[in-house]
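A.B. asks: Sharing input.csv here; it has CSV, C-alpha atoms.
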chain,number,residue,atom,x,y,z
A,13,ARG,CA,60.5,43.6,-18.5
A,14,ASN,CA,58.3,44.1,-15.5
A,15,ALA,CA,55.8,46.3,-17.3
A,16,TRP,CA,52.8,44.2,-16.3
A,17,LYS,CA,53.1,45.6,-12.7
A,18,GLY,CA,51.5,48.8,-11.5
A,19,PRO,CA,48.0,49.3,-12.8
A,20,HIS,CA,47.0,45.6,-12.6
A,21,ARG,CA,45.1,44.5,-9.5
A,22,ARG,CA,46.3,41.4,-7.7
A,23,ASP,CA,44.0,38.4,-7.0
A,24,ARG,CA,44.0,38.9,-3.2
A,25,ASP,CA,43.1,42.6,-3.7
A,26,MET,CA,40.0,41.4,-5.4
A,27,GLY,CA,39.1,39.0,-2.6
A,28,LEU,CA,39.9,36.0,-4.8
A,29,GLY,CA,43.2,34.7,-3.3
A,30,GLY,CA,43.7,32.2,-0.5
A,31,SER,CA,44.7,33.0,3.1
A,32,SER,CA,48.4,32.0,2.7
A,33,GLU,CA,50.9,34.4,1.3
A,34,PRO,CA,52.0,33.3,-2.2
A,35,LEU,CA,55.6,33.1,-3.3
A,36,VAL,CA,54.8,35.1,-6.4
A,37,ASP,CA,52.0,37.5,-7.3
A,38,VAL,CA,49.9,37.0,-10.4
A,39,TYR,CA,48.4,39.8,-12.5
A,40,GLN,CA,45.4,39.6,-14.7
A,41,ASN,CA,45.0,41.3,-18.1
A,42,SER,CA,48.7,42.1,-18.4
A,43,PRO,CA,50.6,42.9,-21.7
A,44,SER,CA,52.3,39.8,-23.0
A,45,LEU,CA,56.1,39.7,-22.7
A,46,SER,CA,56.0,38.5,-26.4
A,47,GLY,CA,55.3,42.1,-27.4
A,48,ASP,CA,52.4,41.1,-29.5
A,49,GLY,CA,50.1,43.6,-27.8
A,50,LEU,CA,47.8,40.9,-26.5
A,51,LEU,CA,46.8,40.3,-22.8
A,52,CYS,CA,47.7,37.4,-20.5
A,53,VAL,CA,47.9,36.4,-16.9
A,54,ALA,CA,51.5,37.2,-15.8
A,55,ALA,CA,53.5,36.6,-12.7
A,56,ASP,CA,56.5,38.1,-11.0
A,57,PRO,CA,59.9,36.8,-12.1
A,58,LEU,CA,60.8,33.3,-11.0
A,59,ASP,CA,64.6,33.2,-11.1
A,60,LYS,CA,65.0,33.1,-7.3
A,61,TYR,CA,62.9,30.0,-7.0
A,62,CYS,CA,63.9,27.8,-9.9
A,63,SER,CA,65.7,27.4,-13.2
A,64,GLU,CA,64.1,27.3,-16.6
A,65,GLU,CA,64.7,23.5,-16.8
A,66,GLU,CA,63.2,22.9,-13.3
A,67,LEU,CA,60.1,24.9,-14.3
A,68,TRP,CA,59.7,23.1,-17.6
A,69,GLU,CA,60.1,19.7,-15.9
A,70,ALA,CA,57.6,20.6,-13.2
A,71,LEU,CA,55.1,21.7,-15.8
A,72,LEU,CA,55.6,18.4,-17.7
A,73,TRP,CA,55.0,16.4,-14.4
A,74,TRP,CA,51.8,18.4,-13.9
A,75,ARG,CA,50.6,17.5,-17.4
A,76,ARG,CA,51.6,13.9,-17.1
A,77,ASN,CA,49.9,13.4,-13.7
A,78,PRO,CA,46.3,14.7,-13.9
A,79,VAL,CA,43.9,14.6,-11.0
A,80,LYS,CA,41.4,11.8,-11.0
A,81,GLU,CA,38.1,13.4,-9.9
A,82,SER,CA,35.6,11.5,-7.8
A,83,TYR,CA,33.3,11.2,-10.8
A,84,THR,CA,36.1,9.8,-13.1
A,85,GLU,CA,35.9,6.1,-13.7
A,86,THR,CA,39.1,5.6,-15.7
A,87,LEU,CA,42.1,7.7,-16.5
A,88,GLU,CA,44.8,6.8,-19.0
A,89,THR,CA,47.9,8.9,-20.0
A,90,SER,CA,50.3,8.5,-22.9
A,91,GLU,CA,53.1,10.5,-24.5
A,92,SER,CA,54.0,10.5,-28.2
A,93,GLU,CA,57.5,11.0,-29.7
A,94,ASP,CA,56.7,14.6,-30.6
A,95,GLY,CA,56.1,15.3,-26.9
A,96,THR,CA,52.3,15.5,-27.0
A,97,ILE,CA,50.8,14.3,-23.7
A,98,THR,CA,47.4,12.7,-24.0
A,99,CYS,CA,45.0,12.0,-21.1
A,100,ARG,CA,41.8,10.0,-21.7
A,101,LYS,CA,39.2,10.4,-19.0
A,102,VAL,CA,35.9,8.4,-18.8
A,103,PHE,CA,33.4,9.9,-16.3
A,104,ASN,CA,30.6,8.2,-14.5
A,105,ALA,CA,27.7,9.7,-16.4
A,106,ASP,CA,25.4,9.8,-13.3
A,107,LEU,CA,28.0,11.6,-11.2
A,108,MET,CA,29.2,14.2,-13.8
A,109,PRO,CA,28.9,17.8,-12.5
A,110,ALA,CA,26.1,19.9,-14.0
A,111,HIS,CA,28.5,22.2,-15.9
A,112,LEU,CA,29.9,19.2,-17.8
A,113,LYS,CA,26.5,17.7,-18.5
A,114,ALA,CA,25.4,21.1,-19.8
A,115,LYS,CA,28.1,20.9,-22.6
A,116,SER,CA,27.4,17.3,-23.6
A,117,SER,CA,26.1,14.0,-22.2
A,118,SER,CA,29.3,12.4,-23.5
A,119,PRO,CA,31.3,11.0,-20.5
A,120,ILE,CA,34.6,11.0,-22.4
A,121,ARG,CA,37.2,13.7,-22.5
A,122,ILE,CA,40.5,13.6,-24.4
A,123,ILE,CA,43.0,16.1,-23.0
A,124,LYS,CA,46.0,16.9,-25.3
A,125,THR,CA,48.9,19.1,-24.3
A,126,TYR,CA,51.2,20.0,-27.2
A,127,CYS,CA,54.7,20.7,-25.7
A,128,ASN,CA,57.3,22.7,-27.6
A,129,ARG,CA,60.6,22.7,-25.6
A,130,GLU,CA,62.4,24.9,-28.0
A,131,LYS,CA,59.8,27.6,-27.9
A,132,LEU,CA,59.0,27.0,-24.2
A,133,LYS,CA,55.3,26.7,-25.0
A,134,MET,CA,52.5,24.4,-24.0
A,135,ASP,CA,49.1,24.4,-25.6
A,136,ARG,CA,46.3,22.4,-24.1
A,137,TYR,CA,43.1,21.2,-25.8
A,138,VAL,CA,40.2,19.2,-24.4
A,139,PHE,CA,38.1,17.2,-26.8
A,140,PHE,CA,35.1,15.0,-26.6
A,141,GLY,CA,35.5,11.4,-27.4
A,142,ASP,CA,35.8,12.0,-31.2
A,143,GLU,CA,39.1,13.9,-30.6
A,144,ARG,CA,37.9,16.6,-32.9
A,145,THR,CA,35.2,18.6,-31.1
A,146,LEU,CA,36.5,21.0,-28.5
A,147,ALA,CA,34.8,20.6,-25.1
A,148,CYS,CA,36.1,23.7,-23.4
A,149,PRO,CA,38.5,26.7,-24.0
A,150,ARG,CA,42.1,26.1,-25.1
A,151,ASP,CA,44.8,26.9,-22.5
A,152,ALA,CA,48.2,28.3,-23.4
A,153,ILE,CA,51.4,28.5,-21.3
A,154,HIS,CA,54.5,30.4,-22.3
A,155,ILE,CA,57.8,30.6,-20.5
A,156,PHE,CA,60.3,33.5,-21.0
A,157,ASP,CA,63.9,33.8,-19.9
A,158,ASP,CA,66.0,36.8,-18.7
A,159,PRO,CA,64.3,37.2,-16.3
A,160,LEU,CA,62.6,33.8,-16.0
A,161,ALA,CA,58.9,34.4,-16.3
A,162,ILE,CA,55.7,32.6,-17.2
A,163,GLU,CA,52.3,33.7,-18.6
A,164,VAL,CA,49.0,32.0,-19.5
A,165,PHE,CA,45.8,32.8,-21.3
A,166,ARG,CA,42.7,31.0,-22.5
A,167,LEU,CA,41.0,31.0,-25.9
A,168,SER,CA,37.3,30.3,-25.9
A,169,ILE,CA,35.9,27.8,-28.5
A,170,ALA,CA,34.9,30.9,-30.5
A,171,GLY,CA,38.5,32.1,-30.4
A,172,VAL,CA,38.1,34.9,-27.8
A,173,ARG,CA,41.3,35.4,-25.7
A,174,THR,CA,40.7,35.8,-22.0
A,175,ALA,CA,43.1,36.6,-19.1
A,176,GLY,CA,40.7,37.9,-16.4
A,177,PRO,CA,40.1,37.2,-12.7
A,178,PHE,CA,38.9,33.6,-13.0
A,179,VAL,CA,42.1,32.7,-14.9
A,180,SER,CA,44.4,34.7,-12.6
A,181,LYS,CA,42.9,33.2,-9.4
A,182,PHE,CA,43.4,29.7,-10.8
A,183,TRP,CA,46.9,30.4,-12.0
A,184,GLU,CA,48.1,32.1,-8.8
A,185,ARG,CA,47.2,29.0,-6.8
A,186,THR,CA,48.5,26.6,-9.4
A,187,LEU,CA,51.8,28.4,-10.1
A,188,ASN,CA,52.6,28.8,-6.4
A,189,ALA,CA,51.8,25.1,-5.8
A,190,ILE,CA,54.2,24.2,-8.6
A,191,LEU,CA,57.0,26.4,-7.2
A,192,ASP,CA,56.4,24.8,-3.8
A,193,GLN,CA,56.8,21.4,-5.3
A,194,ILE,CA,60.0,22.4,-7.0
A,195,LEU,CA,61.5,23.8,-3.7
A,196,THR,CA,60.4,20.8,-1.5
A,197,GLY,CA,60.8,18.0,-4.1
A,198,GLN,CA,57.4,16.7,-3.1
A,199,ARG,CA,54.9,16.4,-5.9
A,200,LYS,CA,51.2,15.6,-6.1
A,201,PRO,CA,48.6,16.0,-8.9
A,202,LEU,CA,47.1,19.5,-9.1
A,203,PRO,CA,43.8,20.6,-10.4
A,204,ASP,CA,43.6,21.7,-14.0
A,205,PHE,CA,42.1,24.6,-16.0
A,206,GLU,CA,38.6,23.1,-15.9
A,207,VAL,CA,38.1,24.4,-12.4
A,208,ILE,CA,37.9,27.8,-13.9
A,209,ASP,CA,34.7,26.7,-15.8
A,210,ALA,CA,33.2,25.3,-12.6
A,211,ALA,CA,34.0,28.5,-10.7
A,212,ARG,CA,32.4,30.6,-13.4
A,213,VAL,CA,29.2,28.5,-13.4
A,214,GLN,CA,29.0,28.6,-9.6
A,215,SER,CA,29.3,32.4,-9.6
A,216,ASN,CA,26.5,32.6,-12.1
A,217,ASP,CA,28.7,34.6,-14.5
A,218,SER,CA,27.2,34.6,-18.0
A,219,VAL,CA,30.4,35.9,-19.6
A,220,PHE,CA,33.6,33.9,-19.7
A,221,ILE,CA,36.4,36.0,-18.2
Would you give me this structure, written as structure tokens?
C.D. replies:
Amino acid sequence: RNAWKGPHRRDRDMGLGGSSEPLVDVYQNSPSLSGDGLLCVAADPLDKYCSEEELWEALLWWRRNPVKESYTETLETSESEDGTITCRKVFNADLMPAHLKAKSSSPIRIIKTYCNREKLKMDRYVFFGDERTLACPRDAIHIFDDPLAIEVFRLSIAGVRTAGPFVSKFWERTLNAILDQILTGQRKPLPDFEVIDAARVQSNDSVFI
């Protein structure tokens, strides 16, 4: 079940990690534990740090408590009976970062996370104000048990699956922060997948990886 180890380079080996030692290592472009032959960003088993229920609840808290950026004027969250978590953000159009303005002048983003407790999956979509047009790649999270493990990947608007260094750098920092919150009982909002897009733009990468 640990087949993703070995040939896959770790974030800090690529000069992408932080200075502090992470609780778990994260691996880019790793075979999915689902056995579908597709690639994901995977992590070491999590059993020694939390239970499946603790991990799921911590992920839900993250989805329910988004960061309010300095350029965000209003932020509203709601949750439907089917478990879908919706966040509506309205940005200050003058303060929006260039990478957001490049996609659209619209200051509204609707973030929907579809949570399936039975399948241990979360699928996150970001729409413009019409709630139909995708604003950025879709993000997928999948939990596995025995051993307890978690993997993520992104799907571009065109449907291209990605699990490269930008995704793994973000996920290493985020997953280890979530585990730390579980262990300490102290929670605070964490950045979301959009920081990947900002990092890619800042690095002048023309290809989304």
A.B. asks: Of the residues A:Ala147, A:Leu202, A:Ala152, A:Ile169, which is the one nearest to A:Lys113, using all atoms listed in the file?
C.D. replies: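 Among the listed residues, A:Ala147 lies closest to A:Lys113.
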A.B. asks: Give as a list in words every residue, naming chains and numbers as the document does, that has an atom within 10 Å of (61.7, 32.3, -14.6), counting only C-alpha atoms.
C.D. replies: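 Those residues lying close to the given coordinates are Ala55, Asp56, Pro57, Leu58, Asp59, Lys60, Tyr61, Cys62, Ser63, Glu64, Glu65, Glu66, Leu67, Trp68, Ile155, Phe156, Asp157, Asp158, Pro159, Leu160, Ala161 and Ile162 of chain A.
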A.B. asks: By how many Å are atom CA of A:Phe178 and atom CA of A:Ile194 apart?
C.D. replies: 24.6 Å
A.B. asks: Hey, what's within 8 Å of stretch 148-151 of chain A if we count only C-alpha atoms and toss same-chain stuff fewer than 4 positions away? As a list in words, please?
C.D. replies: Asp135, Arg136, Tyr137, Val138, Phe139, Val164, Phe165, Arg166, Leu167, Ser168, Ile169, Phe205 and Glu206 of chain A
A.B. asks: Determine, counting only C-alpha atoms, every residue of protein, DNA or RNA that lies within 7 Å of (46.3, 36.8, -9.6) in the file coordinates, then give the result as a list in words.
C.D. replies: Arg22, Asp23, Asp37, Val38, Tyr39, Gln40, Pro177, Ser180, Lys181, Trp183 and Glu184 of chain A
A.B. asks: Which residue, A:Ala110, A:Leu146, A:Ile190, A:Leu35, has the smallest gap to A:Trp73 when you use only C-alpha atoms?
C.D. replies: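 Selected residue with least distance to A:Trp73: A:Ile190.
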A.B. asks: What's the separation between atom CA of A:Ser42 and atom CA of A:Pro201, in Å to one decimal place?
C.D. replies: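 Taking atom CA of A:Ser42 and atom CA of A:Pro201, their separation equals 27.8 Å.
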A.B. asks: Just to confirm, what's the straight-line distance from atom CA of A:Arg121 to atom CA of A:Val53 in Å (one decimal)?
C.D. replies: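 We find that atom CA of A:Arg121 and atom CA of A:Val53 lie 25.7 Å from each other.
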A.B. asks: Identify which of the residues A:Glu163, A:Glu91, A:Glu69, A:Asp209 lies closest to A:Leu51, counting only C-alpha atoms when measuring atom-to-atom distances.
C.D. replies: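 Checking each of A:Glu163, A:Glu91, A:Glu69, A:Asp209 against A:Leu51, counting only C-alpha atoms, the winner is A:Glu163.
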A.B. asks: Measuring between all atoms listed in the file, which one of A:Ala70, A:Val79, A:Cys52, A:Leu195 shows the shortest distance to A:Val179?
C.D. replies: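 Among the listed residues, the smallest separation from A:Val179 belongs to A:Cys52.
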A.B. asks: Give the answer as one residue: which of A:Asp94, A:Asn41, A:Leu191, A:Pro34 has the shortest atom-to-atom distance to A:Leu71, using all atoms listed in the file?
C.D. replies: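 That would be A:Leu191, the residue with the smallest distance to A:Leu71.
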A.B. asks: Identify which of the residues A:Met134, A:Ile120, A:Leu112, A:Ala175 lies closest to A:Ile97, counting all atoms listed in the file when measuring atom-to-atom distances.
C.D. replies: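 Looking at the shortest contact to A:Ile97, the residue is A:Met134.
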